[in-house]
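Content type mmCIF, C-alpha atoms, from the file model.cif:
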```
data_input
#
loop_
_atom_site.label_atom_id
_atom_site.label_comp_id
_atom_site.auth_asym_id
_atom_site.auth_seq_id
_atom_site.Cartn_x
_atom_site.Cartn_y
_atom_site.Cartn_z
CA MET A 1 2.21 -24.30 -14.23
CA THR A 2 0.50 -23.44 -17.52
CA SER A 3 1.53 -20.09 -18.93
CA MET A 4 -0.61 -17.22 -17.66
CA SER A 5 0.07 -15.25 -20.86
CA ARG A 6 -2.83 -15.70 -23.25
CA HIS A 7 -1.82 -13.44 -26.12
CA HIS A 8 1.85 -12.53 -26.25
CA PRO A 9 4.53 -15.22 -26.07
CA ALA A 10 7.44 -13.75 -24.17
CA ARG A 11 10.78 -13.99 -25.96
CA GLY A 12 14.19 -12.75 -24.90
CA ARG A 13 15.79 -12.27 -21.53
CA ILE A 14 15.86 -9.79 -18.69
CA THR A 15 18.92 -7.69 -19.47
CA ALA A 16 19.01 -5.13 -16.64
CA LEU A 17 17.71 -4.40 -13.16
CA ASP A 18 18.35 -0.71 -12.58
CA ALA A 19 17.74 1.00 -9.23
CA TYR A 20 17.44 4.71 -8.43
CA ASP A 21 17.30 6.79 -5.22
CA ILE A 22 14.32 9.14 -5.68
CA ARG A 23 13.30 11.52 -2.89
CA PHE A 24 10.69 14.26 -2.56
CA PRO A 25 11.23 17.04 0.03
CA THR A 26 7.78 16.74 1.62
CA SER A 27 9.19 17.75 5.01
CA ARG A 28 9.44 21.32 3.75
CA ARG A 29 5.64 21.62 4.03
CA LEU A 30 5.12 18.99 6.76
CA GLU A 31 3.19 16.73 4.38
CA GLY A 32 3.22 13.22 5.82
CA SER A 33 4.02 14.34 9.38
CA ASP A 34 2.81 12.21 12.27
CA ALA A 35 3.65 11.43 15.89
CA MET A 36 6.56 9.13 15.02
CA ASN A 37 7.73 10.77 11.79
CA PRO A 38 7.70 14.55 12.20
CA ASP A 39 9.70 15.43 9.07
CA PRO A 40 9.38 12.74 6.36
CA ASP A 41 10.76 13.15 2.86
CA TYR A 42 8.62 10.73 0.87
CA SER A 43 10.98 8.59 -1.17
CA ALA A 44 11.14 5.65 -3.54
CA ALA A 45 13.85 3.08 -4.07
CA TYR A 46 12.88 2.81 -7.71
CA VAL A 47 13.53 -0.16 -9.98
CA ILE A 48 13.26 -0.67 -13.74
CA VAL A 49 13.35 -4.15 -15.28
CA ARG A 50 14.58 -4.07 -18.88
CA THR A 51 14.57 -6.82 -21.51
CA ASP A 52 15.76 -7.50 -25.03
CA ALA A 53 12.27 -8.63 -26.12
CA GLY A 54 12.17 -5.89 -28.75
CA ASP A 55 8.76 -4.49 -27.74
CA GLY A 56 10.13 -1.46 -25.87
CA LEU A 57 8.29 -2.39 -22.67
CA GLU A 58 9.83 -2.04 -19.21
CA GLY A 59 8.68 -3.05 -15.74
CA HIS A 60 8.61 -0.34 -13.06
CA GLY A 61 8.36 -0.83 -9.31
CA PHE A 62 9.57 0.71 -6.06
CA CYS A 63 9.80 0.54 -2.29
CA PHE A 64 8.42 3.42 -0.28
CA THR A 65 10.61 5.01 2.41
CA ILE A 66 10.62 8.42 4.11
CA GLY A 67 14.09 9.69 3.25
CA ARG A 68 17.26 8.74 5.11
CA GLY A 69 18.10 5.12 4.44
CA ASN A 70 16.56 5.06 0.98
CA GLU A 71 20.07 4.37 -0.33
CA VAL A 72 20.10 1.16 1.74
CA GLU A 73 16.94 -0.01 -0.02
CA VAL A 74 18.48 0.83 -3.39
CA ALA A 75 21.52 -1.27 -2.50
CA ALA A 76 19.26 -4.20 -1.56
CA ILE A 77 17.55 -4.03 -4.94
CA LYS A 78 20.92 -4.07 -6.68
CA ALA A 79 21.89 -7.14 -4.63
CA LEU A 80 19.09 -9.03 -6.41
CA ARG A 81 20.59 -8.54 -9.87
CA PRO A 82 22.30 -11.96 -10.00
CA HIS A 83 18.91 -13.59 -9.36
CA VAL A 84 17.10 -11.69 -12.11
CA VAL A 85 19.36 -10.50 -14.92
CA GLY A 86 19.76 -13.14 -17.60
CA LEU A 87 16.52 -15.01 -16.86
CA ARG A 88 14.39 -16.00 -19.83
CA LEU A 89 11.38 -13.71 -19.90
CA GLY A 90 9.01 -16.47 -20.97
CA GLU A 91 9.99 -18.68 -18.05
CA VAL A 92 9.53 -15.84 -15.57
CA LEU A 93 6.12 -14.76 -16.83
CA SER A 94 4.80 -18.30 -17.18
CA ASP A 95 5.58 -19.08 -13.52
CA LEU A 96 5.51 -15.92 -11.43
CA GLY A 97 4.91 -18.02 -8.34
CA GLY A 98 8.16 -19.89 -8.93
CA PHE A 99 9.97 -16.65 -9.74
CA CYS A 100 8.95 -15.16 -6.38
CA ARG A 101 9.93 -18.28 -4.48
CA SER A 102 13.34 -18.22 -6.15
CA LEU A 103 13.94 -14.67 -4.84
CA PHE A 104 12.78 -15.56 -1.33
CA GLY A 105 14.90 -18.71 -1.38
CA ASP A 106 18.43 -17.27 -1.35
CA SER A 107 19.61 -18.63 2.01
CA GLN A 108 22.19 -15.89 2.60
CA LEU A 109 19.87 -12.99 1.76
CA ARG A 110 17.08 -14.72 3.66
CA TRP A 111 19.25 -14.68 6.78
CA LEU A 112 18.86 -10.89 6.84
CA GLY A 113 15.10 -11.30 7.39
CA PRO A 114 13.84 -13.86 7.05
CA GLU A 115 11.02 -12.52 4.86
CA LYS A 116 11.04 -9.12 6.49
CA GLY A 117 12.85 -5.82 6.36
CA VAL A 118 14.99 -4.21 3.70
CA VAL A 119 15.68 -7.28 1.56
CA HIS A 120 12.05 -8.43 1.63
CA MET A 121 10.86 -4.99 0.55
CA ALA A 122 13.48 -4.99 -2.23
CA ILE A 123 12.13 -8.33 -3.45
CA GLY A 124 8.65 -6.81 -3.39
CA ALA A 125 9.80 -3.92 -5.57
CA VAL A 126 11.30 -6.31 -8.13
CA VAL A 127 8.24 -8.58 -8.08
CA ASN A 128 5.94 -5.59 -8.57
CA ALA A 129 8.09 -4.36 -11.46
CA VAL A 130 7.81 -7.74 -13.18
CA TRP A 131 4.03 -7.68 -12.71
CA ASP A 132 3.97 -4.20 -14.25
CA LEU A 133 5.88 -5.55 -17.25
CA TYR A 134 3.57 -8.55 -17.52
CA ALA A 135 0.40 -6.43 -17.39
CA LYS A 136 1.78 -4.10 -20.06
CA ARG A 137 2.52 -7.09 -22.30
CA GLU A 138 -1.04 -8.32 -21.82
CA GLY A 139 -2.46 -4.85 -22.51
CA LYS A 140 -4.39 -4.75 -19.22
CA PRO A 141 -4.33 -2.78 -15.99
CA LEU A 142 -3.06 -5.05 -13.24
CA TRP A 143 -6.41 -5.29 -11.41
CA LYS A 144 -8.02 -6.60 -14.59
CA LEU A 145 -5.15 -8.99 -15.36
CA LEU A 146 -5.39 -10.53 -11.89
CA ALA A 147 -9.18 -10.71 -11.91
CA ASP A 148 -9.14 -12.52 -15.27
CA LEU A 149 -6.91 -15.31 -13.95
CA ALA A 150 -8.55 -18.62 -13.17
CA PRO A 151 -8.74 -19.48 -9.46
CA GLU A 152 -6.19 -22.25 -9.99
CA GLN A 153 -3.76 -19.77 -11.51
CA VAL A 154 -4.12 -17.39 -8.56
CA VAL A 155 -3.50 -20.18 -6.05
CA ALA A 156 -0.38 -21.26 -7.96
CA LEU A 157 1.06 -17.77 -7.40
CA ILE A 158 0.94 -18.07 -3.60
CA ASP A 159 3.47 -19.54 -1.20
CA PHE A 160 1.34 -21.37 1.39
CA ARG A 161 4.31 -22.29 3.54
CA TYR A 162 3.54 -21.26 7.15
CA LEU A 163 -0.11 -20.55 6.27
CA GLU A 164 -1.83 -23.91 6.05
CA ASP A 165 -2.88 -23.96 9.69
CA ALA A 166 -5.03 -20.95 8.81
CA LEU A 167 -5.59 -21.13 5.03
CA THR A 168 -5.09 -24.15 2.77
CA PRO A 169 -4.85 -24.08 -1.04
CA ASP A 170 -8.24 -25.81 -1.22
CA GLU A 171 -9.81 -23.16 1.01
CA ALA A 172 -8.28 -20.44 -1.14
CA LEU A 173 -9.71 -22.11 -4.25
CA GLY A 174 -13.11 -22.18 -2.62
CA ILE A 175 -12.98 -18.46 -1.80
CA LEU A 176 -11.94 -17.58 -5.35
CA ARG A 177 -14.53 -19.83 -6.98
CA ARG A 178 -17.37 -18.46 -4.86
CA ALA A 179 -16.39 -14.91 -5.79
CA ARG A 180 -16.81 -15.61 -9.51
CA GLY A 181 -20.57 -15.27 -9.16
CA GLY A 182 -21.66 -11.74 -10.06
CA ARG A 183 -18.18 -10.67 -11.10
CA GLN A 184 -19.25 -9.11 -14.40
CA GLU A 185 -21.82 -6.96 -12.62
CA ARG A 186 -19.25 -5.88 -10.02
CA GLU A 187 -16.73 -5.00 -12.72
CA ALA A 188 -19.29 -2.89 -14.56
CA ARG A 189 -20.15 -1.12 -11.31
CA LEU A 190 -16.46 -0.60 -10.49
CA LEU A 191 -15.85 0.99 -13.89
CA ALA A 192 -18.93 3.18 -13.56
CA GLU A 193 -18.67 4.21 -9.90
CA GLY A 194 -15.08 3.63 -8.78
CA TYR A 195 -13.87 2.38 -5.38
CA PRO A 196 -14.49 4.22 -2.08
CA ALA A 197 -11.59 6.32 -0.72
CA TYR A 198 -10.83 8.24 2.44
CA ALA A 199 -8.73 11.38 2.82
CA THR A 200 -5.64 11.48 5.04
CA SER A 201 -4.29 14.81 3.80
CA PRO A 202 -6.37 16.98 6.19
CA GLY A 203 -4.89 15.31 9.26
CA TRP A 204 -1.10 15.55 9.15
CA LEU A 205 0.16 16.19 12.65
CA GLY A 206 2.25 19.22 11.75
CA TYR A 207 -0.69 21.19 10.36
CA PRO A 208 -2.19 24.01 12.47
CA ASP A 209 -5.82 23.69 13.55
CA GLY A 210 -7.08 26.18 11.00
CA LYS A 211 -5.55 24.21 8.16
CA VAL A 212 -6.94 20.94 9.54
CA ALA A 213 -10.46 22.42 9.65
CA ARG A 214 -10.19 23.92 6.17
CA LEU A 215 -8.84 20.76 4.55
CA ALA A 216 -11.38 18.59 6.36
CA ARG A 217 -14.26 20.70 5.04
CA GLU A 218 -12.76 20.65 1.56
CA ALA A 219 -12.48 16.86 1.66
CA VAL A 220 -16.14 16.48 2.59
CA ASP A 221 -17.20 19.03 -0.03
CA SER A 222 -15.29 17.06 -2.67
CA GLY A 223 -17.14 13.84 -1.85
CA PHE A 224 -15.11 12.01 0.80
CA ARG A 225 -17.19 10.36 3.51
CA GLN A 226 -14.18 9.58 5.72
CA ILE A 227 -11.07 11.49 6.79
CA LYS A 228 -8.14 10.47 8.99
CA LEU A 229 -6.40 12.44 11.71
CA LYS A 230 -2.90 11.78 13.05
CA VAL A 231 -2.72 11.55 16.85
CA GLY A 232 -0.40 10.39 19.60
CA ALA A 233 2.09 13.15 20.40
CA ASP A 234 0.15 15.09 23.05
CA LEU A 235 -3.23 14.14 24.49
CA ALA A 236 -4.47 17.68 25.05
CA ASP A 237 -3.51 18.60 21.49
CA ASP A 238 -5.27 15.48 20.19
CA VAL A 239 -8.48 16.33 22.04
CA ARG A 240 -8.42 19.86 20.63
CA ARG A 241 -7.62 18.72 17.07
CA CYS A 242 -10.24 15.97 17.13
CA ARG A 243 -12.83 18.47 18.34
CA THR A 244 -11.80 20.87 15.56
CA ALA A 245 -11.98 18.22 12.86
CA ARG A 246 -15.27 16.74 14.09
CA ALA A 247 -16.86 20.20 14.14
CA ALA A 248 -15.63 20.80 10.59
CA ILE A 249 -17.01 17.57 9.10
CA GLY A 250 -20.12 17.06 11.23
CA PRO A 251 -21.44 13.86 12.81
CA GLY A 252 -22.32 12.06 9.58
CA VAL A 253 -18.75 11.74 8.21
CA ARG A 254 -16.40 9.06 9.53
CA MET A 255 -13.16 10.14 11.23
CA ALA A 256 -10.39 7.58 11.70
CA LEU A 257 -7.41 8.17 14.01
CA ASP A 258 -3.82 7.05 13.43
CA ALA A 259 -1.19 6.88 16.19
CA ASN A 260 1.62 5.52 13.99
CA GLN A 261 2.85 3.08 16.69
CA ARG A 262 3.44 5.83 19.25
CA TRP A 263 2.02 4.16 22.38
CA GLY A 264 2.66 1.22 24.64
CA VAL A 265 -0.30 -1.05 25.36
CA GLU A 266 -1.53 0.55 28.59
CA GLU A 267 -0.98 4.05 27.24
CA ALA A 268 -2.91 3.19 24.07
CA VAL A 269 -5.92 1.95 26.02
CA GLY A 270 -6.11 5.10 28.14
CA TRP A 271 -5.52 7.46 25.23
CA VAL A 272 -8.13 5.85 22.96
CA ARG A 273 -10.72 5.82 25.72
CA ARG A 274 -10.18 9.58 26.11
CA LEU A 275 -10.67 10.15 22.36
CA ALA A 276 -13.67 7.82 22.07
CA GLU A 277 -16.06 10.77 22.52
CA PHE A 278 -15.21 11.85 18.97
CA ASP A 279 -16.60 8.58 17.54
CA PRO A 280 -13.43 7.36 15.78
CA TYR A 281 -14.08 4.95 12.92
CA TRP A 282 -10.87 3.15 13.93
CA ILE A 283 -7.65 3.65 15.84
CA GLU A 284 -4.76 2.78 13.54
CA GLU A 285 -1.39 1.41 14.69
CA PRO A 286 -2.00 2.09 18.40
CA THR A 287 1.20 0.24 19.32
CA SER A 288 4.09 -1.68 17.75
CA PRO A 289 2.88 -3.65 14.71
CA ASP A 290 4.97 -6.58 15.96
CA ASP A 291 3.03 -6.80 19.23
CA ILE A 292 0.24 -9.11 18.14
CA LEU A 293 -0.86 -9.93 21.68
CA GLY A 294 -0.69 -6.26 22.64
CA LEU A 295 -2.93 -5.33 19.71
CA ALA A 296 -5.38 -8.04 20.71
CA ARG A 297 -5.44 -6.67 24.26
CA ILE A 298 -5.97 -3.10 23.01
CA ARG A 299 -8.80 -4.24 20.75
CA ARG A 300 -10.60 -5.90 23.66
CA ASP A 301 -10.10 -2.96 26.02
CA VAL A 302 -11.02 -0.07 23.68
CA ALA A 303 -14.13 -1.69 22.19
CA PRO A 304 -16.32 -0.53 20.54
CA VAL A 305 -13.59 1.57 18.89
CA PRO A 306 -12.21 -0.70 16.13
CA VAL A 307 -8.47 -1.36 15.68
CA ALA A 308 -6.68 -1.22 12.31
CA THR A 309 -3.11 -2.04 11.35
CA GLY A 310 -1.01 -3.40 8.52
CA GLU A 311 1.23 -0.85 6.83
CA HIS A 312 4.26 -2.02 8.85
CA VAL A 313 3.34 -5.69 9.13
CA HIS A 314 6.28 -7.57 7.65
CA ASN A 315 4.73 -10.56 5.93
CA ARG A 316 1.80 -12.93 5.45
CA VAL A 317 2.73 -14.88 8.61
CA MET A 318 2.24 -11.86 10.86
CA PHE A 319 -1.06 -11.08 9.18
CA LYS A 320 -2.10 -14.70 9.77
CA GLN A 321 -1.36 -14.34 13.48
CA LEU A 322 -3.14 -10.97 13.77
CA LEU A 323 -6.23 -12.61 12.31
CA GLN A 324 -5.93 -15.76 14.43
CA ALA A 325 -5.57 -13.64 17.57
CA ASP A 326 -8.64 -11.48 16.77
CA ALA A 327 -6.32 -8.49 17.07
CA ILE A 328 -7.69 -6.27 14.28
CA ASP A 329 -11.01 -5.10 12.87
CA PHE A 330 -9.53 -3.70 9.64
CA LEU A 331 -6.54 -5.07 7.74
CA GLN A 332 -4.39 -2.41 6.07
CA LEU A 333 -2.20 -4.14 3.54
CA ASP A 334 0.54 -2.17 1.80
CA ALA A 335 1.63 -2.68 -1.81
CA CYS A 336 5.34 -2.18 -0.99
CA ARG A 337 5.92 -3.44 2.56
CA VAL A 338 5.67 -7.19 1.90
CA GLY A 339 7.02 -9.32 -0.96
CA GLY A 340 5.00 -7.78 -3.75
CA VAL A 341 1.80 -8.79 -5.54
CA ASN A 342 2.09 -12.50 -4.80
CA GLU A 343 2.33 -12.14 -1.04
CA ASN A 344 -0.48 -9.59 -1.04
CA LEU A 345 -2.70 -12.11 -2.82
CA ALA A 346 -2.14 -14.45 0.13
CA ILE A 347 -2.98 -11.65 2.58
CA LEU A 348 -6.21 -10.80 0.74
CA LEU A 349 -7.27 -14.45 0.89
CA LEU A 350 -6.43 -14.67 4.59
CA ALA A 351 -8.57 -11.61 5.26
CA ALA A 352 -11.44 -13.14 3.30
CA LYS A 353 -11.13 -16.42 5.22
CA PHE A 354 -11.40 -14.56 8.57
CA GLY A 355 -14.03 -12.08 7.38
CA VAL A 356 -11.95 -8.97 8.09
CA PRO A 357 -12.35 -5.99 5.70
CA VAL A 358 -9.24 -4.81 3.84
CA CYS A 359 -8.71 -1.03 3.87
CA PRO A 360 -5.31 -0.55 2.21
CA HIS A 361 -2.63 1.84 3.37
CA ALA A 362 -1.63 4.40 0.74
CA GLY A 363 0.02 7.23 2.68
CA GLY A 364 3.17 7.58 0.62
CA VAL A 365 4.52 8.40 -2.80
CA GLY A 366 3.04 6.04 -5.39
CA LEU A 367 1.17 3.90 -2.89
CA CYS A 368 -2.24 5.16 -4.05
CA GLU A 369 -1.30 4.26 -7.61
CA LEU A 370 -0.33 0.69 -6.71
CA VAL A 371 -2.72 -0.41 -4.01
CA GLN A 372 -5.87 0.57 -5.89
CA HIS A 373 -5.20 -2.40 -8.18
CA LEU A 374 -5.05 -4.85 -5.26
CA ALA A 375 -8.25 -3.51 -3.69
CA MET A 376 -10.11 -3.69 -6.98
CA PHE A 377 -8.94 -7.25 -7.54
CA ASP A 378 -10.18 -8.07 -4.04
CA CYS A 379 -13.61 -6.65 -4.89
CA LEU A 380 -13.87 -8.61 -8.12
CA ALA A 381 -12.23 -11.93 -7.28
CA VAL A 382 -11.82 -12.44 -3.51
CA SER A 383 -14.20 -10.67 -1.10
CA GLY A 384 -16.71 -9.74 -3.79
CA THR A 385 -17.65 -6.48 -2.05
CA VAL A 386 -16.68 -2.92 -1.16
CA GLN A 387 -18.82 -3.02 2.00
CA ASP A 388 -16.85 -1.50 4.92
CA ARG A 389 -13.84 -1.08 2.63
CA VAL A 390 -12.01 2.13 1.70
CA ILE A 391 -8.60 2.92 0.21
CA GLU A 392 -6.50 5.66 1.78
CA TYR A 393 -5.83 8.70 -0.40
CA VAL A 394 -3.24 11.47 -0.02
CA ASP A 395 -3.42 14.33 -2.46
CA HIS A 396 0.22 15.00 -3.31
CA LEU A 397 2.95 13.71 -5.66
CA HIS A 398 0.57 12.10 -8.17
CA GLU A 399 1.75 14.45 -10.89
CA HIS A 400 5.03 12.52 -11.04
CA PHE A 401 3.36 9.38 -12.41
CA LEU A 402 2.49 8.57 -16.00
CA ASP A 403 -0.82 7.00 -14.90
CA PRO A 404 -1.73 8.83 -11.69
CA ALA A 405 -4.53 7.79 -9.37
CA VAL A 406 -7.74 9.68 -10.14
CA ILE A 407 -10.35 10.53 -7.51
CA VAL A 408 -13.89 11.54 -8.49
CA ARG A 409 -16.35 12.43 -5.71
CA GLY A 410 -14.36 10.59 -3.09
CA ARG A 411 -13.84 7.39 -5.09
CA TYR A 412 -10.89 5.93 -6.98
CA THR A 413 -11.52 5.69 -10.72
CA ALA A 414 -10.51 2.26 -12.03
CA PRO A 415 -7.26 2.55 -14.03
CA THR A 416 -7.55 1.56 -17.68
CA ALA A 417 -3.92 1.94 -18.87
CA PRO A 418 -1.93 -1.32 -19.09
CA GLY A 419 0.40 -1.97 -16.16
CA PHE A 420 0.59 -1.38 -12.41
CA SER A 421 0.38 2.45 -12.61
CA SER A 422 3.90 2.43 -11.15
CA ALA A 423 5.94 4.28 -13.79
CA MET A 424 7.20 7.74 -12.87
CA ARG A 425 7.76 10.45 -15.44
CA PRO A 426 11.36 10.54 -16.71
CA GLU A 427 11.64 14.23 -15.87
CA SER A 428 10.63 13.53 -12.28
CA LEU A 429 13.17 10.73 -11.98
CA ALA A 430 15.83 13.18 -13.11
CA ALA A 431 14.75 16.15 -10.98
CA TYR A 432 14.24 14.24 -7.72
CA ALA A 433 17.21 11.87 -7.92
CA PHE A 434 19.15 12.09 -4.67
CA PRO A 435 21.48 13.81 -4.08
CA GLY A 436 22.22 15.20 -7.54
CA GLY A 437 18.75 16.10 -8.85
CA ALA A 438 17.85 19.74 -9.37
CA VAL A 439 15.30 19.80 -6.55
CA TRP A 440 17.94 18.80 -4.02
CA GLN A 441 20.16 21.74 -4.95
CA VAL A 442 17.67 24.10 -3.25
CA PRO A 443 18.48 24.57 0.46
CA TYR A 444 15.90 23.76 3.09
CA GLY A 445 13.98 26.52 4.77
CA PRO A 446 11.29 26.59 7.47
CA PRO A 447 7.84 25.31 6.47
CA PRO A 448 5.67 28.08 4.98
CA ALA A 449 2.99 29.60 7.19
CA GLU A 450 -0.67 28.71 6.56
CA GLY A 451 -1.84 30.67 3.52
CA ALA A 452 1.67 31.39 2.25
CA PRO A 453 2.61 30.33 -1.30
CA ALA A 454 4.53 27.08 -1.74
#
```

Using structure tokens, write down the structure from this file.
Amino acid sequence: MTSMSRHHPARGRITALDAYDIRFPTSRRLEGSDAMNPDPDYSAAYVIVRTDAGDGLEGHGFCFTIGRGNEVEVAAIKALRPHVVGLRLGEVLSDLGGFCRSLFGDSQLRWLGPEKGVVHMAIGAVVNAVWDLYAKREGKPLWKLLADLAPEQVVALIDFRYLEDALTPDEALGILRRARGGRQEREARLLAEGYPAYATSPGWLGYPDGKVARLAREAVDSGFRQIKLKVGADLADDVRRCRTARAAIGPGVRMALDANQRWGVEEAVGWVRRLAEFDPYWIEEPTSPDDILGLARIRRDVAPVPVATGEHVHNRVMFKQLLQADAIDFLQLDACRVGGVNENLAILLLAAKFGVPVCPHAGGVGLCELVQHLAMFDCLAVSGTVQDRVIEYVDHLHEHFLDPAVIVRGRYTAPTAPGFSSAMRPESLAAYAFPGGAVWQVPYGPPPAEGAPA
């Protein structure tokens, strides 16, 4: 493959792959709470790729977890060191498709998946960190770097193994070539107007009704045209909370619902039919993300309520099957669940082939920062549109990033800083390191009451 680097020849080697256990005590205020995860501590198994190139640049990436077990993800990242440390930087950056395939190809690590779970997410963190380094070297935000690649270069990044019954390299080339028309106008509009977002923060399951109503009104007042409400623990509570939220936002604002995998198939059908009176924009993760046939059944039986899923879908093969089975109306890719940027490029192209809108998941620390780049690339170079597309937004923990996501009137502002927006502030890495960071020396207490200071 011809080098993708147009300006900066990469010299030197990768000298270190460092991993850190970073955790934020979000459970203290019930931020992130849902029917399956009542007390999450948003966490990152954080990786830094260092080189001896002499330019001072590093690649930053991470996996998202919700607390316990984050140390397992850190260990998986460290297990990848023999595959990464010592590689020539120029060879890695000139063939990022080959680099990814080399990480996926370790037969013994692959046995732990294959291409799913802890090791696969660790590979994704490393791949994303290398993309962050590459974008910094090119002096571009990642969305712009990807959009500027030729269609042939994008296709060379993708592993089409297991996909060609649904998407061939030639079909992918056709999608990318067709999207080149009007790209400059779309990029200008993206920079001027941003990308549509929706607000999840009003709807955490642990919040009392008064807080849900207040936050929902504030979201609408600040420009969001869609919110999301967590459901699934108790039907009577869900009916009451949906009625509260709908009254707060009015009939003209979209309200999505998210069950976080809580139900079996039959239970999901009955529950969603009961909540259909509140005009849900979609029901998200109504059952196990592995149950492709179950999701297809739910979609048929709850129509016209659309079905969305993706944040826990392991890999491109599962997404292929969800699309082939007509199981979803919205595809919710995640920047950290699968094998990094390269695999997400395949997923975006699959969604375009099947005509399913991509509405990325971003309910976790750093996920807003990362996934905005993938959605913006999709708009410019794959789907060519933001029609029926929104990126999730949660309004906490952004202050810990050097290039935080910025929302203006309910839309993501396109990042302009070089990189993947993935680098955390050094002081945050120190303070939230687990278990020795200063924040973790403060004992837990009960969540504060509504209106109480943090």

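If you look at atom CA of Ala308 of chain A and atom CA of Pro286 of chain A, they are 8.4 Å away from each other.
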
request  = Just say which residues the PyMOL selection byres ((chain A and resi 31-45) around 6) picks in this file, as an MDAnalysis selection string.
outcome  = chainID A and resid 20:27 29:30 46 62:67 73:74 204:206 230 232:233 365

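Take the candidates A:Val338, A:Glu427, A:Ala53, A:Pro280 and check each one against Arg137 of chain A using only C-alpha atoms; the shortest distance goes to A:Ala53.
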
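Listed by chain and then by number, the residues chosen by the PyMOL selection byres ((chain A and resi 251) around 12) in this file are Val220, Arg225, Gln226, Arg243, Ala245, Arg246, Ala247, Ala248, Ile249, Gly250, Gly252, Val253, Arg254, Met255, Glu277, Phe278, Asp279, Pro280 and Tyr281 of chain A.
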
Okay, now the selection with C-alpha atoms, as a short mmCIF file (atom, residue, chain, number, x, y, z; two decimals), keeping the file's coordinate frame?
```cif
data_model
loop_
_atom_site.label_atom_id
_atom_site.label_comp_id
_atom_site.auth_asym_id
_atom_site.auth_seq_id
_atom_site.Cartn_x
_atom_site.Cartn_y
_atom_site.Cartn_z
CA VAL A 220 -16.14 16.48 2.59
CA ARG A 225 -17.19 10.36 3.51
CA GLN A 226 -14.18 9.58 5.72
CA ARG A 243 -12.83 18.47 18.34
CA ALA A 245 -11.98 18.22 12.86
CA ARG A 246 -15.27 16.74 14.09
CA ALA A 247 -16.86 20.20 14.14
CA ALA A 248 -15.63 20.80 10.59
CA ILE A 249 -17.01 17.57 9.10
CA GLY A 250 -20.12 17.06 11.23
CA GLY A 252 -22.32 12.06 9.58
CA VAL A 253 -18.75 11.74 8.21
CA ARG A 254 -16.40 9.06 9.53
CA MET A 255 -13.16 10.14 11.23
CA GLU A 277 -16.06 10.77 22.52
CA PHE A 278 -15.21 11.85 18.97
CA ASP A 279 -16.60 8.58 17.54
CA PRO A 280 -13.43 7.36 15.78
CA TYR A 281 -14.08 4.95 12.92
#
```

task = Can you turn the PyMOL selection byres ((chain A and resi 172) around 9) into a concrete residue list for this file, as number ranges by chain?
result = A: 151, 155, 167-171, 173-177, 346, 349-350, 353

Selection near segment 272-274 of chain A, 12 Å with only C-alpha atoms, sequence-local residues under 4 positions removed, as a compact mmCIF listing (two decimals) with C-alpha atoms, in the coordinates of the input:
```
# COMPACT_ATOMS: atom_id res chain seq x y z
CA VAL A 231 -2.72 11.55 16.85
CA GLY A 232 -0.40 10.39 19.60
CA LEU A 235 -3.23 14.14 24.49
CA ALA A 236 -4.47 17.68 25.05
CA ASP A 238 -5.27 15.48 20.19
CA VAL A 239 -8.48 16.33 22.04
CA ARG A 240 -8.42 19.86 20.63
CA CYS A 242 -10.24 15.97 17.13
CA ALA A 256 -10.39 7.58 11.70
CA LEU A 257 -7.41 8.17 14.01
CA ASP A 258 -3.82 7.05 13.43
CA ALA A 259 -1.19 6.88 16.19
CA TRP A 263 2.02 4.16 22.38
CA GLY A 264 2.66 1.22 24.64
CA VAL A 265 -0.30 -1.05 25.36
CA GLU A 266 -1.53 0.55 28.59
CA GLU A 267 -0.98 4.05 27.24
CA ALA A 268 -2.91 3.19 24.07
CA PHE A 278 -15.21 11.85 18.97
CA ASP A 279 -16.60 8.58 17.54
CA PRO A 280 -13.43 7.36 15.78
CA TYR A 281 -14.08 4.95 12.92
CA TRP A 282 -10.87 3.15 13.93
CA ILE A 283 -7.65 3.65 15.84
CA GLU A 284 -4.76 2.78 13.54
CA GLU A 285 -1.39 1.41 14.69
CA PRO A 286 -2.00 2.09 18.40
CA THR A 287 1.20 0.24 19.32
CA ILE A 298 -5.97 -3.10 23.01
CA ARG A 299 -8.80 -4.24 20.75
CA ARG A 300 -10.60 -5.90 23.66
CA ASP A 301 -10.10 -2.96 26.02
CA VAL A 302 -11.02 -0.07 23.68
CA ALA A 303 -14.13 -1.69 22.19
CA PRO A 304 -16.32 -0.53 20.54
CA VAL A 305 -13.59 1.57 18.89
CA PRO A 306 -12.21 -0.70 16.13
CA VAL A 307 -8.47 -1.36 15.68
```

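If all atoms listed in the file are the atoms counted, then among A:Asp291, A:Ala19, A:Arg337, A:Gly56 the closest residue to Gln321 of chain A is A:Asp291.
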
query = So which residues touch Val84 of chain A within 10 Å, counting all atoms listed in the file, skipping near sequence neighbours fewer than 2 positions away, as a list of chain:residue names?
reply = A:Arg13, A:Ile14, A:Thr15, A:Ala16, A:Leu17, A:Val49, A:Ala79, A:Leu80, A:Arg81, A:Pro82, A:Gly86, A:Leu87, A:Arg88, A:Leu89, A:Val92, A:Phe99, A:Ser102, A:Leu103, A:Val126
